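Reading through the C-alpha cells given below for one structure.
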Amino acid sequence: MTFARTDQSAVARWWWTVDRWSLVALAVLIGFGALLTMAASPAVAERIGYDSMHFVRRQLALLPIAVLIMFVVSLQTPMTIRRLAVIGFLIGIALVAMTFVAGVEIKGARRWINLPGLSLQPSEFVKPCFAVVTAWLLAESKLRPDFPGPAIASVLFFIVVTLLIKQPDLGMAVVISVVWFAQFFLIGLRLYWVAVGVGCGVAGLVGAYFLLPHVTSRIDRFLDPAAGDSYQVDRSIEAFMNGGLWGKGPGEGTVKEWLPDAHADFVFAVAGEELGLVACLFIVLIFAFIVLRGFSRVFQENNLFIVLSATGLFVQFGLQAIINMASSLHLMPTKGMTLPFISYGGSSLLALGLGMGMALALTRRRYGGVDG
Amino acid sequence: MKAPHRYDDNPCKPRHFKPPPCAPVALDEAAQQTLDIGRTRLLVTAGLFVVAFAVIALRLVDVTLVKPAGEARIAHTTAGKAAVSRADIVDRNGVLLATTLSSPSLFANPKQILDAREATQKLVEVLPDLSQSEVYAKLTSDRSFVWLKRLLTPRQEFEVNQLGIPGFQFQREERRVYPEGNLIAHVVGYTGLDNKGLAGIERGFDDILKERKQPLQLSIDIRLQEILHDELSRAVQDFSAKGGVGLVMDVHTGEVLALVSLPDFDPNKPGTATPDTIFNRATLGTYEMGSTFKIFTTAMALDSHTATLASSYDASHPIHIGRFTIHDYHDLHRALSVPEIFEYSSNIGAARMAMDAGTDRLKDFLGRLGLLKPPVFEIPEIGAPLVPSPWHDVNTMTVAFGHGISVSPLQLAIAASAVVNGGILHPATIIKPPPGFIPAGQQVMSTRTSDDMRRLMRLVVEQGTGEFAAAPGYVVGGKTGTAEKVSGHSYAHKALLSSFLGAFPINDPRYLVLAIVDEPHGTPKTHGFATGGWTAAPVVGHAIQRMAPLLGIPPVDENAPEIRSALAIDGVQVKKLASN
C-alpha cells in the first residue's frame, strides 16, 4: 500500500513518517504468533478440558484489536502519548491495587481482574505506561532543575514494585525494575550509582531467593536439575533437539502434548520442535532487529523525553523476549514471561499493542523536534 | 520546549530531505551534554542486547545440533557409569564368582502416555509377569516417572520397543550377576537393586568393590567348594538333616579354600531367599561342638604337662556333679589312657583330664586359641562365642567335651589348624594373599604337643570313632563330634549336631577339612546311628579323596614305615574300639 505524497490525512502522514522496517518486523512476528498459537494451544486446551480451538479463537479475536490499538496509538503525537501513559498508569495502578480486593487467583498469584468475557491483567498495561511516565519525569527534571522528577519516579517505582511482589509477579517486577534502571542509566546516572543499582538488583534477586519460597525452588531446580522436578525444562530442551534444523513441521510436534504452558511460557520450545532451528534463529533475529532498529531511531533523536521513553519501551520488549527464550533454553530459571506477540495471553497481547504503538509513535520521523 | 515551525511531516519536502536536526531548536549546553551521555549509554545498552541475543542464538544451535538426541544421551550417561562399575569377585584361580552386567530397565512417563488402557494391555502381553491392574494404576498416576520393570533381557527390551508406545523409556542399570549361583552364596553374599552389598564379601568389601578396577581375588577354590558342597549336600539329604557346614582351610596360612553353609540360596534372586537359607552357619552360627572340643582339652593337658600320652583317668563311673550326670557314649567301665579317652571319645575321661589341669589352665588355653572371642574375618556375618560366665568347675567339666560353650565352625577350624600345624595360630582369611606373603602367626603350644595331637587324631581314624573319614593314600587324622542340641532348657537326645574335623596328610598336615551335619537322622544303612562318625566323617573322607589330586598331594602308602613311625604312640596300650 502506499499514499500519495501530497495526501495530508493523518494516516498518510503516519505512513511516510513511521518506521516501516519495524512495522514489517512486527507483522512477521505477529504472523509467527498466530501460527504457533494454532499449533500449540489446541493440545493445551484439550488437556484442560476446553474444546481444542478455545485458545485459538480467543487469541485470533484479540489479535486484530491489538493491531488496531497499536495503529491508533502510533498515530498520536508524543504529547498525546505522554498523556495517555499518565492516565493509563493511574488507572492501571488502581486496578493492580484492586486485584488484592477483587482479584482472581490463578496458580497461586492474584494478578487478574474479571471483566465480562475477559480476565484482565492490569499490570501488563502498567508496564509500558510506567516506562513513559518515568521518561517524562526524568526528562522534565533536566529541563526544569527545580522539578523533583527522579524522586517522584523513585516513589512510583517502589509503589509499583511493592504491588507486583505482593501479587506475586516477580518476573514483571524484574522487567519494570530493569527498564526503570535503564532509563536512569541513560539520563546520566553516575557510574558509582550504576554500580550500586546493579548491586541492589543482585541483592534483590538474592533476597527473593531466600524470602520467596517459589523463587527458591525455581532457582534450586535451575542450578541443580536433580534437586527437583525439572520436567518442563527437560521436555523443552528435548523439543529443540527433536526439531533439528528444519523442524517437524507446524502441528507435527509432541512437546505441546505434555508441557503445561506450551502455548505461553514454552511456546518457543514448540517453535523449536515444529519450525526448527532456522526459524527459531529467524525469530531471535526479528526480536533483535526490532530492539536495535528502535535504538537506532532513538539515537538520532534530540528530544530527551523521546529518547528515554522509546528506549524504555524497546528495552522492555527485548528483555521480555530474552527472558522467555532463555528460560526455554535452560539458560536461566523458568519465569512466567510471555514471548511478545507469540505467546498466548490476552492482556499481554493488548498491552504489547499499546506499548509498541507508543514506541512506533515516538520513533516517527519528526523533522525539527516535538510539539509542546 | 517549543518548535518555531511545524514542518515535521510536511509532504511537500523531497522524500529524502533531512534538515539539520538542531536547526529549529536551540539546545542549551546542559541538555546537549545530557543527550550525548544518553546516546553513549544507549550504545552500551544496545551492546548488551546484542550479546544477549547472540547468547540465545548460540544456545539454540548448541541445544539443537551439538547435543545428541534423547536415547543417545541416556546411553552416554550409562557409559560414564560403566567406567566406575563394581569390581568383579573371582576365586583363587580367577574363576568368576560375581560380575556386573548392564541391563535396560523400563520406566514410563504417565504424562506422555496417550492411552493408558491400550498401553497397559500391550505391555502385559509382552511382559506377562506384570500385573495388569498395577501397571494401569502406575500409568494413570499423577507422577512423571514410574518404574515398570527393572533389568530386562535384551529380547524383552526389543519387544517393548516394538510396541512403539510413546512414554515408555529405558534406563541402563547395572545388575550384579553370580555365575556360580547357590554354590558360593554365603561367601560372596549378594547386593540389592541399587548394587549395594547386603551380605558376605559384597557387604564386607562394599566400598572397595565400588572403587576398585581389578577383580577382588578370594582364597576360595571353586573346585574344592563344589566337591565339599556336593558331598555335604548328599549327607544332608541322606540323613534328612536340617542343614550342614563344610570348611576347608590351609593350616599353614589360615586361607579358607571352601566354605559351605546348607541350606543355601541363589544370590541372583535374593528375594527368594528365606532367613534360614541366608543364615551363614559356618561363620555366624555358633554351636556346642561336642567331642571335637576334646582336641583342645587334650592338647591343653599335654601342653601344660598335667598329663602325658601315658597318663590314665578313671572312667568307670559316671560323674555326678550338681544336677548333671556325665556319661560315656562308649562305656568301658574302666580306667582309660589319654589316647583311649581321645579314641573312644570318653566324656568322663575328658572331664577328669580337664579338672586335673584346672579351670584356669583350660580357660587360658582356649583363650590363646581364640575360642573365647569373635574371630577376625572378612565376611561381616560373624557370630560371637557363648562362653560360660561365671565359669565354675562344672563348666570346666562340660567344656572339656564341648558342651556349655558355643563357637562358630570357623573358630573351631582356626583353633584346630593351630593344633595340627605345629602349634602356630594363624588368623583366618578368605582373601588370596599376594605371592610371598608370610602369614601372621603366634606359637600357642609347643611343637611337641602338636606332634602328639596328630598321633591321637590319626588313631581316631585308624581304629576309633572316625574310621569312615579314611581316604586311602591321604593319611587322614581327625576327631568326631556328636553334640546333643539344647532345646529350650534341656538337651534333646534326638537332635544332634554331628561333626568331623579332619586334617591331611596328618603326618605333615596341609589342609583341614570340617564337616558338620545339623540334626541328622539315622538310616538303615547306618544302623540308625546319626553320630559324627557315621554322618560327617564319610563326608570328610570322600571330600579328601576327591580334593587331594586337585591340591597336588600325591597318595602315599599309609603303611610305609616312616609314616607309621611318625604317627606311632609308643609304650601305650591302645585297644581298638570294638564297634562304633
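By order of appearance in the C-alpha cells: chains A, B, ..., then residues from 1 within every chain, and ligands from 1 in the order shown.
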Within 8 Å of chain B, which residues of chain A come that close, and what is the closest atom pair and distance in Å for each? Count only C-alpha atoms and give it as CSV.
residue,atom,partner,partner_atom,distance
A:Arg5,CA,B:Pro11,CA,5.7
A:Thr6,CA,B:Pro11,CA,5.7
A:Asp7,CA,B:Pro11,CA,7.6
A:Gln8,CA,B:Pro11,CA,7.3
A:Arg13,CA,B:Asp9,CA,6.5
A:Thr17,CA,B:Asp9,CA,7.1
A:Lys142,CA,B:Ala31,CA,7.1
A:Leu143,CA,B:Ala31,CA,7.5
A:Ala182,CA,B:Thr45,CA,7.9
A:Phe185,CA,B:Arg41,CA,7.2
A:Leu186,CA,B:Gly38,CA,4.5
A:Ile187,CA,B:Gly38,CA,5.6
A:Gly188,CA,B:Ile37,CA,6.0
A:Tyr231,CA,B:Ser144,CA,7.8
A:Ile237,CA,B:Val63,CA,6.7
A:Glu238,CA,B:Gly70,CA,7.0
A:Phe240,CA,B:Thr64,CA,5.2
A:Met241,CA,B:Thr64,CA,4.5
A:Asn242,CA,B:Ala69,CA,7.3
A:Gly243,CA,B:Thr64,CA,7.2
A:Gly244,CA,B:Thr64,CA,5.4
A:Leu245,CA,B:Thr64,CA,7.3
A:Glu257,CA,B:Gln112,CA,7.4
A:Trp258,CA,B:Lys111,CA,6.2
A:Leu277,CA,B:Thr64,CA,6.7
A:Cys280,CA,B:Leu60,CA,7.8
A:Leu281,CA,B:Ala57,CA,6.1
A:Val284,CA,B:Phe53,CA,6.7
A:Leu285,CA,B:Phe53,CA,7.9
A:Ala288,CA,B:Phe53,CA,6.5
A:Leu292,CA,B:Ala46,CA,6.5
A:Phe295,CA,B:Ala46,CA,7.0
A:Phe299,CA,B:Arg39,CA,6.0
A:Asn302,CA,B:Leu35,CA,7.0
A:Leu304,CA,B:Leu35,CA,6.6
A:Val307,CA,B:Gly38,CA,7.9
A:Thr311,CA,B:Leu42,CA,7.9
A:Gly318,CA,B:Phe49,CA,7.6
A:Ile322,CA,B:Phe53,CA,7.0
A:Met325,CA,B:Ile56,CA,7.2
A:Ala326,CA,B:Ile56,CA,6.5
A:Leu329,CA,B:Arg59,CA,7.0
A:Arg365,CA,B:Asp8,CA,7.5
A:Arg366,CA,B:Asp8,CA,4.6
A:Tyr367,CA,B:Asp8,CA,4.0
A:Gly368,CA,B:Pro24,CA,5.7
A:Gly369,CA,B:Ala3,CA,6.3
A:Val370,CA,B:Ala3,CA,6.6
A:Asp371,CA,B:Lys2,CA,5.9
A:Gly372,CA,B:Lys2,CA,5.6
Next item on the list: Pick out the residues sitting within 10 Å of Ala10 (chain A), and hand them over as number ranges by chain; count only C-alpha atoms, and ignore anything fewer than 4 positions along from it in its own chain.
Entry: A: 14-15, 75-76
Margin query: Please extract the residues of region 370-557 of chain B with a backbone DSSP assignment of strand (DSSP E) and present them as a ChimeraX atom specification.
Written below: /B:406-407,424-425,442-443,477-487,490-504,511-518
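Using only C-alpha atoms, the shortest contact distance between Phe365 (chain B) and any of B:Pro339, B:Gly423, B:Gly254, B:Pro520 is found at B:Gly423.
For the set A:Ile65, A:Ser9, A:Phe305, A:Ile113, the residue with the smallest atom-to-atom gap to Ser141 (chain A) is A:Phe305, counting only C-alpha atoms.
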